Amino acid sequence: MNGEGEPETRRPSVGIVGGGLAGISAACALADAGYKVTLFERRAFLGGRASSYDHPGTGEVVDNCQHVLLGCCTNLRNLYHRLGVEDKVRWYKRITFIEPGGRSSSIEASSLPAPFHSAISFMQYSLLSIGDKLGIARAMLALLRGVPNDSSDDFMSWLHRKGQTQAAIDRFWAPVLISSLNEELDKSSVKYAAMVFRDAFLKSAEAGMMGVPTAPLSEIYGVAAEYIRARGGEVMLRSGVDSVRCGDSEVSVRSNERDYTFDYAISAIPFHTLGRILPQGMESDELQQKVNHLRTVPITGIHLWFDREITPLEHAALLDRNIQWMFQKSKILTRPVSHAAGEGSYLELVVSSSKSLLEMGRAEIIELALKELAEFFPAARDAQLLKATVIKEVHATFSPAPLSDQFRLAPSSPWPRLFLSGDWTATGWPSTMEGAVRAGYLTAEALSKAAGDATRFIVPDLKPRGLMRLFRP
């Protein structure tokens, strides 16, 4: 009853399967909107692929992979604001690129209006020739006119048509886009590669800022559990879901040999496991056959603890080798790192689209990483490696391949009370943290529309700044 003695309207109940970013985002948005949410997660922590855990071999808390966000990630930033963890991200305006031998150069924003805000540092970028830069400038002008609509083309072919040199591809386009898309340029749709570059690096200086979490990922996303509970919901950890059954007026979710009944349900699990929980039948088979055309791509994180500092940099893009990025976690993380006290250092090296490392063993990968690291930071040769580990995220993302959009599913499903979510659904974004949050918000919107209230959750993109306001999206 309410304060005037009238019966309260029952809040619709929603069961959400999967505690990754898409599931968390949908759960938090719907809980805010008054739905009674129950979030099921098979593991002991939230975050999915964006999580951390106590690594038994090192005694350290490690992320399953280094995650980075950009200023253009409006929905991810909204989730951080919603959860009150904005202060757990450190923002950078400068990216340092280093070639083997140690020579470096940086790109950063200036006070010039977009899209020329990085032009001064780009002109001073010493790792490319004048010819390389002129070719890049021509390609940039093409991107100013908008993102190509043809999703059947790959970005490498587009670059070649735009007259890009091999050095420009290897030392400019690839370092940015392979880490953003987690795929090789010849296997990436021109649509997504162009969109990421245009939205992140041409639209405004804010859009291109790089944010790095300063706390373990599970500490950041674990806040979502209390957020949901504070709004009358439940979070059930160590609760894998065996099946979802759909009726005309309710949905049943089976977990830990118990059935839970809801008004609506959301499946936010990876596409390659979708058929495991969906209602059995022709509709489920057709959905699984469609998403089976999507392919996953791995990411490998190499964690190294040294007895001394080998570089003052907090992060850097590493060129022309297997390892692509270095993050000095002992400088980035705000919590103590046990073996990085004093002069010690904890680094995470990242290899995106790490297909070539899948068959390599831990010792072989560490040996390769140490050899390459010493090419960029000579001080590594004299440093003592205290401990190390390798984490392979085999199904890290789906490949943003040409024509992959036709295999991505909408939030609605053949069952009116069951909805689908995940970075692999039709979000309009590639497989990123921003794409996952957009998926959660889009699914929450679709569900709320079905429930009759049509609440909006998606946050608009950043508006273009400076002269970019003259160009169409």
# chains A, B, ... in the order shown; residues from 1 in each chain; ligands from 1
call {"tool": "select_by_dssp", "arguments": {"residues": "range 207-400 of chain A", "states": "strand (DSSP E or B)", "output": "JSON, numbers by chain"}}
result
{"A": [210, 211, 212, 213, 234, 235, 236, 241, 242, 243, 244, 245, 246, 251, 252, 253, 254, 255, 258, 259, 260, 261, 262, 264, 265, 266, 267, 296, 297, 298, 299, 300, 301, 302, 303, 304, 305, 306, 315, 316, 317, 318, 325, 326, 327, 328, 345, 346, 347, 348, 349, 350, 351, 352, 385, 386, 387, 388, 389, 390, 391, 392, 393, 394, 395, 396, 397, 398]}
call {"tool": "residues_around", "arguments": {"residues": "range 357-359 of chain A", "least_positions_apart": "4", "cutoff": "9 Å", "atoms": "only C-alpha atoms", "output": "list in words"}}
result
Pro298, Thr300, Val351, Ile365, Lys392 and Val394 of chain A
call {"tool": "residues_around", "arguments": {"residues": "range 323-338 of chain A", "least_positions_apart": "2", "cutoff": "8 Å", "atoms": "only C-alpha atoms", "output": "CSV table (one decimal) with C-alpha atoms, in the first residue's frame"}}
result
chain,number,residue,atom,x,y,z
A,60,GLU,CA,48.8,-11.0,-7.0
A,90,ARG,CA,43.0,8.0,-15.0
A,175,PRO,CA,48.8,0.4,-33.4
A,179,SER,CA,44.1,-2.6,-30.2
A,212,VAL,CA,43.0,3.5,-17.9
A,213,PRO,CA,41.4,1.9,-14.8
A,214,THR,CA,43.4,2.6,-11.6
A,215,ALA,CA,41.8,-0.4,-9.7
A,216,PRO,CA,41.4,-4.1,-10.5
A,313,LEU,CA,56.4,5.8,-18.6
A,314,GLU,CA,53.0,4.7,-17.4
A,315,HIS,CA,52.1,3.3,-20.8
A,316,ALA,CA,53.3,3.2,-24.4
A,317,ALA,CA,52.5,1.8,-27.8
A,318,LEU,CA,55.3,-0.5,-28.9
A,319,LEU,CA,55.9,-0.8,-32.7
A,321,ARG,CA,57.0,-6.4,-32.7
A,340,ALA,CA,56.6,-3.4,-6.8
A,341,ALA,CA,57.5,-1.6,-3.6
A,345,SER,CA,57.9,-2.5,-11.2
A,346,TYR,CA,54.9,-4.4,-12.4
A,347,LEU,CA,54.2,-4.3,-16.1
A,348,GLU,CA,51.4,-5.7,-18.2
A,349,LEU,CA,52.2,-6.2,-21.9
A,350,VAL,CA,49.3,-6.6,-24.3
A,351,VAL,CA,49.1,-8.5,-27.6
A,352,SER,CA,45.8,-7.9,-29.3
A,369,ALA,CA,58.2,-10.8,-24.3
A,372,GLU,CA,61.2,-7.7,-27.2
call {"tool": "residues_around", "arguments": {"residues": "Asp423 in chain A", "least_positions_apart": "3", "cutoff": "6 Å", "atoms": "only C-alpha atoms", "output": "list in words"}}
result
Ser431, Gly435, Ala436 and Ala439 of chain A
call {"tool": "write_last_selection", "arguments": {"atoms": "C-alpha atoms", "output": "PDB file, in the first residue's frame"}}
result
ATOM      1  CA  SER A 431      33.295  -5.608 -29.632  1.00  0.00           C
ATOM      2  CA  GLY A 435      29.747  -1.834 -27.207  1.00  0.00           C
ATOM      3  CA  ALA A 436      28.895  -4.103 -24.269  1.00  0.00           C
ATOM      4  CA  ALA A 439      24.131  -3.638 -25.684  1.00  0.00           C
TER       5      ALA A 439
END
call {"tool": "residues_around", "arguments": {"residues": "range 123-130 of chain A", "least_positions_apart": "4", "cutoff": "9 Å", "atoms": "only C-alpha atoms", "output": "JSON, numbers by chain"}}
result
{"A": [97, 98, 99, 103, 104, 105, 106, 107, 118, 119, 134, 135, 167, 168, 171, 172]}
call {"tool": "write_last_selection", "arguments": {"atoms": "N, CA and C atoms", "output": "PDB file, in the first residue's frame"}}
result
ATOM      1  N   PHE A  97      54.641   6.531 -28.609  1.00  0.00           N
ATOM      2  CA  PHE A  97      54.952   5.399 -29.482  1.00  0.00           C
ATOM      3  C   PHE A  97      56.462   5.183 -29.447  1.00  0.00           C
ATOM      4  N   ILE A  98      56.887   3.928 -29.324  1.00  0.00           N
ATOM      5  CA  ILE A  98      58.307   3.610 -29.225  1.00  0.00           C
ATOM      6  C   ILE A  98      58.657   2.553 -30.263  1.00  0.00           C
ATOM      7  N   GLU A  99      59.775   2.767 -30.964  1.00  0.00           N
ATOM      8  CA  GLU A  99      60.253   1.782 -31.916  1.00  0.00           C
ATOM      9  C   GLU A  99      61.370   0.964 -31.282  1.00  0.00           C
ATOM     10  N   ARG A 103      63.831   4.727 -29.634  1.00  0.00           N
ATOM     11  CA  ARG A 103      63.417   6.058 -30.091  1.00  0.00           C
ATOM     12  C   ARG A 103      61.909   6.175 -29.969  1.00  0.00           C
ATOM     13  N   SER A 104      61.446   7.327 -29.476  1.00  0.00           N
ATOM     14  CA  SER A 104      60.017   7.492 -29.217  1.00  0.00           C
ATOM     15  C   SER A 104      59.504   8.805 -29.777  1.00  0.00           C
ATOM     16  N   SER A 105      58.197   8.869 -29.909  1.00  0.00           N
ATOM     17  CA  SER A 105      57.522  10.096 -30.313  1.00  0.00           C
ATOM     18  C   SER A 105      56.102  10.026 -29.770  1.00  0.00           C
ATOM     19  N   SER A 106      55.479  11.180 -29.592  1.00  0.00           N
ATOM     20  CA  SER A 106      54.157  11.220 -28.959  1.00  0.00           C
ATOM     21  C   SER A 106      53.161  11.975 -29.818  1.00  0.00           C
ATOM     22  N   ILE A 107      51.898  11.616 -29.645  1.00  0.00           N
ATOM     23  CA  ILE A 107      50.787  12.342 -30.253  1.00  0.00           C
ATOM     24  C   ILE A 107      49.866  12.792 -29.128  1.00  0.00           C
ATOM     25  N   SER A 118      45.284  17.454 -32.976  1.00  0.00           N
ATOM     26  CA  SER A 118      46.530  16.687 -32.821  1.00  0.00           C
ATOM     27  C   SER A 118      47.527  16.955 -33.930  1.00  0.00           C
ATOM     28  N   ALA A 119      47.245  17.965 -34.764  1.00  0.00           N
ATOM     29  CA  ALA A 119      48.067  18.192 -35.956  1.00  0.00           C
ATOM     30  C   ALA A 119      49.505  18.571 -35.620  1.00  0.00           C
ATOM     31  N   LEU A 134      51.936  12.649 -45.358  1.00  0.00           N
ATOM     32  CA  LEU A 134      51.073  13.196 -46.409  1.00  0.00           C
ATOM     33  C   LEU A 134      50.014  12.177 -46.819  1.00  0.00           C
ATOM     34  N   GLY A 135      50.406  10.912 -46.922  1.00  0.00           N
ATOM     35  CA  GLY A 135      49.436   9.879 -47.243  1.00  0.00           C
ATOM     36  C   GLY A 135      48.378   9.741 -46.160  1.00  0.00           C
ATOM     37  N   ALA A 167      54.875   1.842 -43.912  1.00  0.00           N
ATOM     38  CA  ALA A 167      55.265   2.440 -42.631  1.00  0.00           C
ATOM     39  C   ALA A 167      54.076   3.138 -41.981  1.00  0.00           C
ATOM     40  N   ALA A 168      53.262   3.835 -42.775  1.00  0.00           N
ATOM     41  CA  ALA A 168      52.078   4.510 -42.224  1.00  0.00           C
ATOM     42  C   ALA A 168      51.109   3.493 -41.641  1.00  0.00           C
ATOM     43  N   ARG A 171      52.897   1.855 -38.425  1.00  0.00           N
ATOM     44  CA  ARG A 171      53.289   2.724 -37.313  1.00  0.00           C
ATOM     45  C   ARG A 171      52.248   3.781 -36.954  1.00  0.00           C
ATOM     46  N   PHE A 172      51.120   3.744 -37.644  1.00  0.00           N
ATOM     47  CA  PHE A 172      50.075   4.709 -37.306  1.00  0.00           C
ATOM     48  C   PHE A 172      48.717   4.021 -37.225  1.00  0.00           C
TER      49      PHE A 172
END
call {"tool": "closest_residue", "arguments": {"among": "A:Phe407, A:Trp415, A:Phe40, A:Tyr80", "to": "Met282 in chain A", "atoms": "only C-alpha atoms"}}
result
A:Trp415
call {"tool": "residues_around", "arguments": {"residues": "Thr74 in chain A", "least_positions_apart": "6", "cutoff": "8 Å", "atoms": "only C-alpha atoms", "output": "compact mmCIF listing (two decimals) with N, CA, C and O atoms, in the first residue's frame"}}
result
# COMPACT_ATOMS: atom_id res chain seq x y z
N GLU A 434 32.55 -0.29 -24.50
CA GLU A 434 31.47 0.62 -24.86
C GLU A 434 30.37 -0.14 -25.59
O GLU A 434 29.17 0.07 -25.32
N VAL A 459 22.93 6.69 -24.04
CA VAL A 459 23.48 8.05 -23.94
C VAL A 459 23.93 8.50 -25.33
O VAL A 459 24.62 7.74 -26.03
N PRO A 460 23.59 9.70 -25.76
CA PRO A 460 24.00 10.15 -27.09
C PRO A 460 25.52 10.22 -27.23
O PRO A 460 26.25 10.35 -26.26
N ASP A 461 25.97 10.13 -28.48
CA ASP A 461 27.39 10.28 -28.76
C ASP A 461 27.86 11.69 -28.42
O ASP A 461 27.04 12.62 -28.35
N LEU A 462 29.16 11.84 -28.21
CA LEU A 462 29.71 13.18 -28.04
C LEU A 462 29.45 14.01 -29.30
O LEU A 462 29.54 13.49 -30.42
